[in-house]
>>> print(open('entry_11.tsv').read())   # TSV, C-alpha atoms
chain	number	residue	atom	x	y	z
A	30	MET	CA	-25.07	4.74	-90.78
A	31	PHE	CA	-27.56	7.48	-89.98
A	32	LYS	CA	-30.35	4.89	-89.83
A	33	CYS	CA	-28.30	2.82	-87.35
A	34	LYS	CA	-27.81	5.87	-85.14
A	35	VAL	CA	-31.52	6.64	-85.18
A	36	ILE	CA	-32.42	3.06	-84.32
A	37	ASN	CA	-29.89	2.95	-81.52
A	38	PHE	CA	-31.27	6.23	-80.20
A	39	LEU	CA	-34.81	4.82	-80.33
A	40	PHE	CA	-33.64	1.62	-78.65
A	41	PHE	CA	-32.25	3.40	-75.61
A	42	SER	CA	-34.78	6.25	-75.42
A	43	ILE	CA	-37.83	3.96	-75.22
A	44	PRO	CA	-37.09	1.33	-72.58
A	45	LEU	CA	-39.98	-1.00	-73.41
A	46	LYS	CA	-38.88	-4.59	-73.80
A	47	HIS	CA	-41.26	-5.42	-76.66
A	48	TRP	CA	-40.26	-2.28	-78.54
A	49	GLN	CA	-36.57	-3.00	-78.00
A	50	ASP	CA	-37.06	-6.60	-79.10
A	51	PHE	CA	-38.84	-5.38	-82.22
A	52	LEU	CA	-35.85	-3.18	-83.10
A	53	ILE	CA	-33.42	-6.00	-82.40
A	54	ARG	CA	-35.28	-8.39	-84.70
A	55	ARG	CA	-35.92	-5.82	-87.43
A	56	HIS	CA	-32.54	-4.16	-87.60
A	57	LEU	CA	-29.93	-4.61	-84.91
A	58	GLN	CA	-29.61	-8.38	-85.35
A	59	ARG	CA	-29.27	-8.12	-89.14
A	60	CYS	CA	-27.27	-4.98	-89.76
A	61	PRO	CA	-23.51	-5.75	-90.17
A	62	LEU	CA	-22.57	-2.30	-88.84
A	63	CYS	CA	-24.60	-2.78	-85.66
A	64	GLN	CA	-23.30	-6.35	-85.32
A	65	LYS	CA	-19.76	-4.96	-85.14
A	66	LYS	CA	-20.72	-3.19	-81.93
A	67	LEU	CA	-21.72	-6.45	-80.27
A	68	ALA	CA	-19.38	-8.94	-78.65
A	69	SER	CA	-19.32	-12.27	-80.47
A	70	ALA	CA	-20.09	-15.60	-78.81
A	71	GLU	CA	-16.38	-16.53	-78.93
A	72	GLU	CA	-15.32	-13.30	-77.25
A	73	VAL	CA	-17.93	-13.78	-74.53
A	74	ARG	CA	-17.17	-17.48	-74.03
A	75	ALA	CA	-13.53	-16.70	-73.34
A	76	MET	CA	-14.50	-14.55	-70.38
A	77	PHE	CA	-16.62	-17.06	-68.55
A	78	VAL	CA	-15.53	-20.01	-66.46
A	79	GLN	CA	-16.39	-23.09	-68.50
A	80	GLU	CA	-17.39	-26.58	-67.47
A	81	GLY	CA	-14.27	-28.49	-66.48
A	82	GLU	CA	-12.20	-25.36	-65.87
A	83	SER	CA	-13.22	-25.23	-62.24
A	84	GLU	CA	-12.45	-27.90	-59.64
A	85	SER	CA	-14.06	-31.26	-60.22
A	86	ILE	CA	-17.52	-31.55	-58.85
A	87	ALA	CA	-17.14	-35.30	-58.25
A	88	SER	CA	-16.12	-34.49	-54.67
A	89	LEU	CA	-19.58	-33.04	-54.12
A	90	TRP	CA	-21.41	-36.31	-54.71
A	91	PRO	CA	-20.61	-38.14	-51.40
A	92	ALA	CA	-21.90	-35.22	-49.33
A	93	LEU	CA	-24.86	-34.85	-51.61
A	94	ARG	CA	-25.68	-38.56	-51.36
A	95	ILE	CA	-25.75	-38.35	-47.55
A	96	LYS	CA	-28.06	-35.34	-47.75
A	97	LEU	CA	-30.30	-37.10	-50.24
A	98	GLY	CA	-30.49	-40.10	-47.88
A	99	LYS	CA	-31.62	-37.79	-45.09
A	100	GLU	CA	-34.08	-36.21	-47.47
A	101	GLU	CA	-35.45	-39.65	-48.38
A	102	ARG	CA	-35.86	-40.61	-44.71
A	103	ALA	CA	-37.56	-37.29	-44.01
A	104	LYS	CA	-39.88	-37.88	-46.97
A	105	VAL	CA	-40.80	-41.38	-45.71
A	106	SER	CA	-41.37	-40.18	-42.16
A	107	PHE	CA	-43.43	-37.27	-43.49
A	108	ARG	CA	-45.57	-39.72	-45.53
A	109	ARG	CA	-46.03	-41.95	-42.46
A	110	ARG	CA	-46.96	-38.99	-40.29
A	111	ARG	CA	-49.37	-37.76	-42.94
A	112	LEU	CA	-50.94	-41.21	-43.20
A	113	ALA	CA	-51.31	-41.39	-39.40
A	114	TRP	CA	-52.92	-37.96	-39.32
A	115	MET	CA	-55.23	-38.86	-42.19
A	116	MET	CA	-56.30	-42.08	-40.48
A	117	GLY	CA	-56.82	-40.28	-37.18
A	118	ALA	CA	-58.89	-37.58	-38.85
A	119	ALA	CA	-60.95	-40.19	-40.73
A	120	GLY	CA	-61.60	-42.07	-37.47
A	121	LEU	CA	-62.65	-38.88	-35.73
A	122	ILE	CA	-64.99	-37.98	-38.59
A	123	ALA	CA	-66.49	-41.50	-38.48
A	124	VAL	CA	-67.10	-41.24	-34.72
A	125	VAL	CA	-68.73	-37.80	-35.05
A	126	ALA	CA	-70.84	-38.99	-37.98
A	127	ALA	CA	-71.98	-42.08	-36.07
A	128	PHE	CA	-72.86	-39.95	-33.06
A	129	LEU	CA	-74.89	-37.54	-35.22
A	130	TRP	CA	-76.60	-40.43	-36.98
A	131	LEU	CA	-77.65	-42.01	-33.75
A	132	SER	CA	-78.81	-38.81	-32.08
A	133	ILE	CA	-80.50	-36.73	-34.79
A	134	GLY	CA	-80.15	-38.63	-38.01
A	135	PRO	CA	-82.92	-39.98	-40.24
A	136	GLY	CA	-82.39	-43.43	-38.78
A	137	LYS	CA	-84.16	-42.37	-35.61
A	138	VAL	CA	-87.69	-43.87	-35.44
A	139	ILE	CA	-90.41	-41.45	-34.44
A	140	SER	CA	-92.90	-43.52	-32.62
A	141	ASN	CA	-96.59	-42.76	-32.70
A	142	GLU	CA	-96.86	-44.07	-29.27
A	143	GLY	CA	-97.34	-41.41	-26.68
A	144	ALA	CA	-98.73	-38.90	-29.16
A	145	SER	CA	-101.86	-38.69	-27.13
A	146	GLU	CA	-99.81	-37.97	-24.03
A	147	ARG	CA	-97.97	-35.18	-25.77
A	148	PHE	CA	-101.10	-33.63	-27.27
A	149	GLN	CA	-104.31	-33.52	-25.26
A	150	ILE	CA	-107.58	-31.71	-25.79
A	151	HIS	CA	-109.69	-31.64	-22.72
A	152	TYR	CA	-112.90	-30.30	-24.15
A	153	LEU	CA	-114.10	-29.04	-27.54
A	154	LYS	CA	-117.40	-27.49	-28.38
A	155	VAL	CA	-119.04	-27.02	-31.81
A	156	GLY	CA	-122.20	-24.94	-31.90
A	157	SER	CA	-122.22	-24.72	-28.08
A	158	MET	CA	-122.53	-28.43	-27.96
A	159	PRO	CA	-119.81	-30.88	-26.99
A	160	ALA	CA	-118.11	-32.06	-30.18
A	161	ARG	CA	-116.73	-35.38	-31.19
A	162	THR	CA	-112.99	-35.10	-31.65
A	163	TYR	CA	-110.54	-37.29	-33.48
A	164	LEU	CA	-106.83	-37.04	-33.76
A	165	PHE	CA	-105.14	-38.23	-36.99
A	166	LYS	CA	-101.44	-38.67	-37.33
A	167	PRO	CA	-100.37	-39.82	-40.81
A	168	TYR	CA	-97.75	-42.52	-40.78
A	169	GLY	CA	-94.22	-41.18	-41.11
A	170	SER	CA	-95.34	-37.56	-40.70
A	171	LYS	CA	-94.97	-35.14	-37.85
A	172	MET	CA	-98.32	-33.49	-38.57
A	173	ILE	CA	-101.38	-34.07	-36.39
A	174	PHE	CA	-104.87	-33.35	-37.70
A	175	ILE	CA	-107.64	-32.52	-35.25
A	176	TRP	CA	-111.07	-33.37	-36.52
A	177	ALA	CA	-114.06	-32.06	-34.61
A	178	GLU	CA	-117.60	-32.79	-35.55
A	179	LYS	CA	-120.92	-31.83	-34.22
A	180	GLU	CA	-122.56	-34.39	-31.99
A	181	ILE	CA	-125.71	-35.35	-33.77
A	182	SER	CA	-128.17	-36.95	-31.49
A	183	LYS	CA	-129.69	-39.84	-33.31
A	184	GLU	CA	-133.40	-39.92	-32.88
A	185	GLU	CA	-134.99	-43.24	-32.66
A	186	PRO	CA	-137.02	-43.85	-35.76
A	187	ASN	CA	-140.60	-43.87	-35.07
A	188	ASP	CA	-142.17	-47.00	-36.01
B	27	MET	CA	-31.90	-31.42	-87.88
B	28	ALA	CA	-29.47	-33.82	-86.29
B	29	GLY	CA	-29.09	-31.38	-83.42
B	30	VAL	CA	-32.81	-31.32	-82.85
B	31	ILE	CA	-32.98	-35.13	-82.87
B	32	GLU	CA	-30.03	-35.27	-80.50
B	33	LEU	CA	-31.64	-32.75	-78.16
B	34	LYS	CA	-34.89	-34.66	-78.13
B	35	LYS	CA	-33.01	-37.87	-77.35
B	36	THR	CA	-31.28	-36.19	-74.40
B	37	GLU	CA	-34.56	-34.83	-73.13
B	38	MET	CA	-36.04	-38.30	-73.43
B	39	ASP	CA	-33.12	-39.76	-71.54
B	40	ASP	CA	-33.58	-37.12	-68.88
B	41	ASN	CA	-37.21	-38.08	-68.51
B	42	LEU	CA	-36.22	-41.73	-68.12
B	43	LEU	CA	-33.72	-40.81	-65.44
B	44	VAL	CA	-36.32	-38.68	-63.66
B	45	ARG	CA	-38.78	-41.59	-63.74
B	46	GLY	CA	-36.09	-43.84	-62.27
B	47	CYS	CA	-35.45	-41.33	-59.48
B	48	LEU	CA	-39.14	-41.18	-58.72
B	49	GLN	CA	-39.12	-44.94	-58.29
B	50	GLY	CA	-36.48	-44.46	-55.62
B	51	ARG	CA	-33.34	-45.35	-57.59
B	52	LYS	CA	-30.52	-43.10	-56.48
B	53	GLU	CA	-28.18	-44.28	-59.25
B	54	GLU	CA	-30.32	-42.40	-61.75
B	55	PHE	CA	-29.94	-39.23	-59.77
B	56	LYS	CA	-26.19	-39.75	-59.73
B	57	GLN	CA	-26.31	-39.89	-63.52
B	58	ILE	CA	-28.22	-36.60	-63.59
B	59	PHE	CA	-25.61	-35.14	-61.28
B	60	GLU	CA	-22.78	-36.34	-63.50
B	61	ARG	CA	-24.49	-35.04	-66.62
B	62	TYR	CA	-25.31	-31.57	-65.36
B	63	GLY	CA	-23.15	-31.02	-62.26
B	64	GLY	CA	-20.22	-29.47	-64.15
B	65	LYS	CA	-22.39	-27.18	-66.25
B	66	LEU	CA	-24.38	-26.01	-63.25
B	67	MET	CA	-21.22	-25.46	-61.25
B	68	ALA	CA	-19.85	-23.28	-64.05
B	69	LEU	CA	-23.07	-21.28	-64.08
B	70	ALA	CA	-22.98	-20.80	-60.31
B	71	LEU	CA	-19.31	-19.80	-60.42
B	72	ASN	CA	-19.95	-17.22	-63.10
B	73	LEU	CA	-22.73	-15.70	-61.07
B	74	LEU	CA	-21.31	-15.93	-57.56
B	75	GLN	CA	-17.56	-15.73	-58.31
B	76	ASN	CA	-16.78	-17.88	-55.30
B	77	HIS	CA	-16.08	-21.62	-55.14
B	78	GLU	CA	-17.65	-22.28	-51.74
B	79	ASP	CA	-20.80	-20.37	-52.51
B	80	ALA	CA	-21.08	-21.98	-55.92
B	81	GLU	CA	-20.70	-25.46	-54.40
B	82	ASP	CA	-23.31	-24.70	-51.76
B	83	ALA	CA	-25.71	-23.28	-54.33
B	84	CYS	CA	-25.25	-26.36	-56.54
B	85	GLN	CA	-25.77	-28.75	-53.65
B	86	GLU	CA	-28.88	-26.90	-52.49
B	87	ALA	CA	-30.18	-26.86	-56.05
B	88	PHE	CA	-29.73	-30.61	-56.47
B	89	ILE	CA	-31.44	-31.30	-53.15
B	90	ARG	CA	-34.30	-29.00	-54.12
B	91	ALA	CA	-34.58	-30.70	-57.49
B	92	TYR	CA	-34.66	-34.13	-55.84
B	93	ARG	CA	-37.32	-32.96	-53.40
B	94	ASN	CA	-39.50	-31.52	-56.17
B	95	LEU	CA	-39.00	-34.14	-58.89
B	96	GLU	CA	-42.67	-35.08	-58.61
B	97	LYS	CA	-43.63	-31.55	-59.60
B	98	PHE	CA	-41.48	-31.57	-62.74
B	99	ASP	CA	-43.57	-31.44	-65.90
B	100	SER	CA	-42.13	-34.05	-68.26
B	101	GLN	CA	-43.47	-32.11	-71.26
B	102	LYS	CA	-40.89	-29.40	-70.52
B	103	SER	CA	-37.12	-29.49	-70.66
B	104	PHE	CA	-35.55	-31.02	-67.57
B	105	LYS	CA	-32.26	-29.23	-68.27
B	106	ASN	CA	-33.93	-25.81	-68.29
B	107	TRP	CA	-35.82	-26.68	-65.11
B	108	LEU	CA	-32.55	-27.61	-63.39
B	109	TYR	CA	-30.80	-24.45	-64.64
B	110	ALA	CA	-33.68	-22.36	-63.32
B	111	ILE	CA	-33.34	-23.93	-59.87
B	112	VAL	CA	-29.60	-23.21	-59.74
B	113	TYR	CA	-30.15	-19.68	-60.99
B	114	ASN	CA	-32.70	-19.03	-58.24
B	115	ARG	CA	-30.35	-20.46	-55.59
B	116	CYS	CA	-27.60	-18.15	-56.86
B	117	LEU	CA	-29.91	-15.15	-56.72
B	118	ASP	CA	-30.80	-16.05	-53.13
B	119	ARG	CA	-27.10	-16.13	-52.29
B	120	LEU	CA	-26.52	-12.76	-53.95
B	121	ARG	CA	-29.43	-11.24	-52.00
B	122	GLN	CA	-28.01	-12.74	-48.80
B	123	ARG	CA	-24.66	-11.13	-49.53
B	124	ARG	CA	-26.27	-7.77	-50.23
B	125	ARG	CA	-28.25	-7.92	-46.99
B	126	PHE	CA	-25.11	-8.80	-45.06
B	127	ARG	CA	-23.18	-5.93	-46.66
B	128	ASP	CA	-26.00	-3.47	-45.87
B	129	PHE	CA	-26.10	-4.67	-42.29
B	130	TYR	CA	-22.34	-4.42	-41.93
B	131	THR	CA	-22.24	-0.91	-43.38
B	132	LYS	CA	-25.05	0.20	-41.09
B	133	MET	CA	-23.36	-1.24	-38.00
B	134	LYS	CA	-20.07	0.33	-38.99
B	135	ARG	CA	-21.72	3.73	-39.39
B	136	GLU	CA	-23.56	3.51	-36.06
B	137	HIS	CA	-20.61	2.30	-33.99
B	138	ALA	CA	-17.04	3.50	-33.68
B	139	PRO	CA	-15.24	2.77	-36.95
B	140	SER	CA	-12.15	1.65	-35.03
B	141	SER	CA	-13.94	-1.36	-33.56
B	142	PHE	CA	-14.63	-2.65	-37.05
B	143	GLY	CA	-12.00	-4.09	-39.27
B	144	PRO	CA	-12.27	-4.21	-43.02
B	145	ALA	CA	-15.49	-5.68	-44.30
B	146	PRO	CA	-15.23	-9.47	-44.46
B	147	SER	CA	-15.11	-10.52	-48.04
B	148	LEU	CA	-17.78	-12.97	-49.06
B	149	SER	CA	-16.23	-13.64	-52.37
B	150	SER	CA	-12.91	-15.28	-52.94
B	151	GLU	CA	-9.85	-13.07	-53.15
B	152	GLN	CA	-8.76	-14.54	-56.42
B	153	PRO	CA	-10.91	-13.18	-59.22
B	154	LEU	CA	-12.59	-16.05	-61.02
B	155	ILE	CA	-14.13	-14.11	-63.84
B	156	LYS	CA	-13.04	-11.05	-65.73
B	157	ASP	CA	-13.80	-7.69	-64.17
B	158	VAL	CA	-15.66	-6.72	-67.30
B	159	LEU	CA	-18.34	-9.30	-66.54
B	160	LYS	CA	-18.82	-7.89	-63.05
B	161	LYS	CA	-20.22	-4.76	-64.65
B	162	LEU	CA	-23.20	-6.75	-65.91
B	163	ARG	CA	-26.38	-7.31	-63.93
B	164	PRO	CA	-26.92	-10.95	-62.83
B	165	LYS	CA	-29.73	-11.39	-65.36
B	166	GLU	CA	-27.58	-10.06	-68.18
B	167	ARG	CA	-24.64	-12.17	-67.08
B	168	ILE	CA	-26.58	-15.41	-66.94
B	169	SER	CA	-28.33	-14.68	-70.25
B	170	LEU	CA	-24.98	-14.10	-71.86
B	171	PHE	CA	-23.46	-17.22	-70.31
B	172	LEU	CA	-26.34	-19.43	-71.41
B	173	TRP	CA	-26.30	-17.96	-74.89
B	174	ALA	CA	-22.54	-18.05	-75.47
B	175	SER	CA	-21.38	-21.06	-73.47
B	176	GLU	CA	-24.38	-23.34	-73.48
B	177	GLY	CA	-25.78	-22.38	-76.86
B	178	PHE	CA	-29.23	-21.60	-75.50
B	179	THR	CA	-31.77	-19.87	-77.72
B	180	SER	CA	-33.59	-16.81	-76.40
B	181	ASP	CA	-36.65	-19.00	-75.73
B	182	GLU	CA	-34.58	-21.34	-73.58
B	183	VAL	CA	-32.94	-18.44	-71.75
B	184	ALA	CA	-36.44	-17.08	-71.13
B	185	SER	CA	-37.58	-20.37	-69.61
B	186	VAL	CA	-34.65	-20.31	-67.18
B	187	LEU	CA	-35.11	-16.66	-66.25
B	188	LYS	CA	-38.91	-16.97	-66.17
B	189	CYS	CA	-39.40	-14.04	-68.49
B	190	SER	CA	-40.60	-13.53	-72.06
B	191	PRO	CA	-38.32	-14.39	-75.02
B	192	SER	CA	-38.37	-10.69	-75.96
B	193	THR	CA	-36.97	-9.75	-72.57
B	194	ALA	CA	-34.31	-12.47	-72.85
B	195	ARG	CA	-33.28	-11.16	-76.29
B	196	VAL	CA	-32.99	-7.64	-74.89
B	197	PHE	CA	-30.83	-8.89	-71.99
B	198	ILE	CA	-28.50	-10.70	-74.37
B	199	PHE	CA	-28.29	-7.76	-76.73
B	200	LYS	CA	-27.55	-5.21	-74.00
B	201	ALA	CA	-24.97	-7.47	-72.39
B	202	ARG	CA	-23.17	-8.05	-75.70
B	203	LYS	CA	-23.13	-4.33	-76.39
B	204	LYS	CA	-21.79	-3.49	-72.94
B	205	ILE	CA	-19.08	-6.16	-73.18
B	206	LYS	CA	-17.95	-4.98	-76.58
B	207	ALA	CA	-17.75	-1.38	-75.39
B	208	LEU	CA	-15.77	-2.36	-72.30
B	209	LEU	CA	-13.41	-4.57	-74.30
B	210	GLU	CA	-12.73	-1.76	-76.75
B	211	LYS	CA	-12.12	0.60	-73.84
B	212	GLU	CA	-9.66	-1.90	-72.32
B	213	ASN	CA	-7.78	-2.26	-75.59
B	214	VAL	CA	-7.42	1.46	-76.15
>>> encode(input="entry_11.tsv", output="structure tokens")
Amino acid sequence: MFKCKVINFLFFSIPLKHWQDFLIRRHLQRCPLCQKKLASAEEVRAMFVQEGESESIASLWPALRIKLGKEERAKVSFRRRRLAWMMGAAGLIAVVAAFLWLSIGPGKVISNEGASERFQIHYLKVGSMPARTYLFKPYGSKMIFIWAEKEISKEEPND
Amino acid sequence: MAGVIELKKTEMDDNLLVRGCLQGRKEEFKQIFERYGGKLMALALNLLQNHEDAEDACQEAFIRAYRNLEKFDSQKSFKNWLYAIVYNRCLDRLRQRRRFRDFYTKMKREHAPSSFGPAPSLSSEQPLIKDVLKKLRPKERISLFLWASEGFTSDEVASVLKCSPSTARVFIFKARKKIKALLEKENV
């Protein structure tokens, strides 16, 4: 009896759910004295409205069916709208992608033609002498190499 | 053992019905309604204590369930999922009522009391459940109802209330203790 009082005191003085559950499982659920202070399932059941005691719910179905029909139509129209939006968005993305591809994409061919127009060297000297210059542009690259070499005057071999 | 097998069979049937609903067959949903409508109505009535509100909550719950059937996890209990939806609808209704009462009280205080009649009752005049039960919090009341009337275990109650089984056990225990004390007080 004293133990029950102590446990009940501990139950209400420490309002932690896990602690309270521990006490319920360890003592309160098992002890016949503590059980007497709890309402039984039968006592509780008698207080509640039970299934079948209230008005029949069959009358709810017709109204519910109409609402479900509306819900179904709304679902279908939502799916259609979503599909239309998805297709529209996909089309727009395709157009933008095609535009980008054509304007700046890797498919654009960089022609070597006109390189000389875009890059000109009027005069180059090496060792205060006019130099021979060559321009190299490797295929498929944007780099341009300028090669300058000294003009070597070829002397006629003396016979 | 037989009970467990029976329960599993029901759950399996429920899953079949849900699959049928997902394929667009309304007859299956009608079967779900017939199977659980009465039980859910009783739950709503015990929480809301008003026929109209309980009917509305049930209807809303079924529509919500139908709308979200795709999200239902077939590994879990369909019954508990449905009970949880109804419980949440009922809580929404109770919050609505409380907000309305607060608003009404505030308006009555700010304006001349003579221009306001008695507060309109949102619950039916005829008491549907015993006054003793009204002294319980909604969570305690539903835990007790599920435990006593539906035979739910604390784990099942927890899945409806979205809390831990420990918490559900504490709710049931406290509610039983309160009820017993009130009943003894009534009898004295």
>>> closest_residue(input="entry_11.tsv", among="A:Ala103, A:Met172, A:Ala70, A:Leu62", to="chain B", atoms="all atoms listed in the file")
A:Ala70
>>> interface_residues(input="entry_11.tsv", of="chain A", to="chain B", cutoff="12 Å", atoms="only C-alpha atoms", output="compact mmCIF listing (two decimals) with C-alpha atoms, in the frame of the given file")
# COMPACT_ATOMS: atom_id res chain seq x y z
CA ASN A 37 -29.89 2.95 -81.52
CA PHE A 40 -33.64 1.62 -78.65
CA PHE A 41 -32.25 3.40 -75.61
CA PRO A 44 -37.09 1.33 -72.58
CA LEU A 45 -39.98 -1.00 -73.41
CA LYS A 46 -38.88 -4.59 -73.80
CA HIS A 47 -41.26 -5.42 -76.66
CA TRP A 48 -40.26 -2.28 -78.54
CA GLN A 49 -36.57 -3.00 -78.00
CA ASP A 50 -37.06 -6.60 -79.10
CA PHE A 51 -38.84 -5.38 -82.22
CA LEU A 52 -35.85 -3.18 -83.10
CA ILE A 53 -33.42 -6.00 -82.40
CA ARG A 54 -35.28 -8.39 -84.70
CA LEU A 57 -29.93 -4.61 -84.91
CA GLN A 58 -29.61 -8.38 -85.35
CA CYS A 63 -24.60 -2.78 -85.66
CA GLN A 64 -23.30 -6.35 -85.32
CA LYS A 65 -19.76 -4.96 -85.14
CA LYS A 66 -20.72 -3.19 -81.93
CA LEU A 67 -21.72 -6.45 -80.27
CA ALA A 68 -19.38 -8.94 -78.65
CA SER A 69 -19.32 -12.27 -80.47
CA ALA A 70 -20.09 -15.60 -78.81
CA GLU A 71 -16.38 -16.53 -78.93
CA GLU A 72 -15.32 -13.30 -77.25
CA VAL A 73 -17.93 -13.78 -74.53
CA ARG A 74 -17.17 -17.48 -74.03
CA ALA A 75 -13.53 -16.70 -73.34
CA MET A 76 -14.50 -14.55 -70.38
CA PHE A 77 -16.62 -17.06 -68.55
CA VAL A 78 -15.53 -20.01 -66.46
CA GLN A 79 -16.39 -23.09 -68.50
CA GLU A 80 -17.39 -26.58 -67.47
CA GLY A 81 -14.27 -28.49 -66.48
CA GLU A 82 -12.20 -25.36 -65.87
CA SER A 83 -13.22 -25.23 -62.24
CA GLU A 84 -12.45 -27.90 -59.64
CA SER A 85 -14.06 -31.26 -60.22
CA ILE A 86 -17.52 -31.55 -58.85
CA ALA A 87 -17.14 -35.30 -58.25
CA SER A 88 -16.12 -34.49 -54.67
CA LEU A 89 -19.58 -33.04 -54.12
CA TRP A 90 -21.41 -36.31 -54.71
CA PRO A 91 -20.61 -38.14 -51.40
CA ALA A 92 -21.90 -35.22 -49.33
CA LEU A 93 -24.86 -34.85 -51.61
CA ARG A 94 -25.68 -38.56 -51.36
CA ILE A 95 -25.75 -38.35 -47.55
CA LYS A 96 -28.06 -35.34 -47.75
CA LEU A 97 -30.30 -37.10 -50.24
CA GLY A 98 -30.49 -40.10 -47.88
CA LYS A 99 -31.62 -37.79 -45.09
CA GLU A 100 -34.08 -36.21 -47.47
CA GLU A 101 -35.45 -39.65 -48.38
CA ARG A 102 -35.86 -40.61 -44.71
CA ALA A 103 -37.56 -37.29 -44.01
CA LYS A 104 -39.88 -37.88 -46.97
CA VAL A 105 -40.80 -41.38 -45.71
>>> residues_around(input="entry_11.tsv", residues="stretch 115-129 of chain B", least_positions_apart="5", cutoff="9 Å", atoms="only C-alpha atoms", output="PyMOL selection string")
chain B and resi 70+73-74+79-80+83-84+86-87+110+134+145-146+148+164
>>> atom_distance(input="entry_11.tsv", atom1="atom CA of B:Glu53", atom2="atom CA of B:Asp40")
13.2 Å
>>> atom_distance(input="entry_11.tsv", atom1="atom CA of B:Lys97", atom2="atom CA of B:Glu182")
19.5 Å
>>> atom_distance(input="entry_11.tsv", atom1="atom CA of A:Arg161", atom2="atom CA of A:Trp176")
8.0 Å
>>> axis_aligned_box(input="entry_11.tsv", around="stretch 72-83 of chain B", padding_each_side="4 Å", output="AutoDock Vina command-line options")
--center_x -20.9 --center_y -20.6 --center_z -57.4 --size_x 17.6 --size_y 17.8 --size_z 19.4
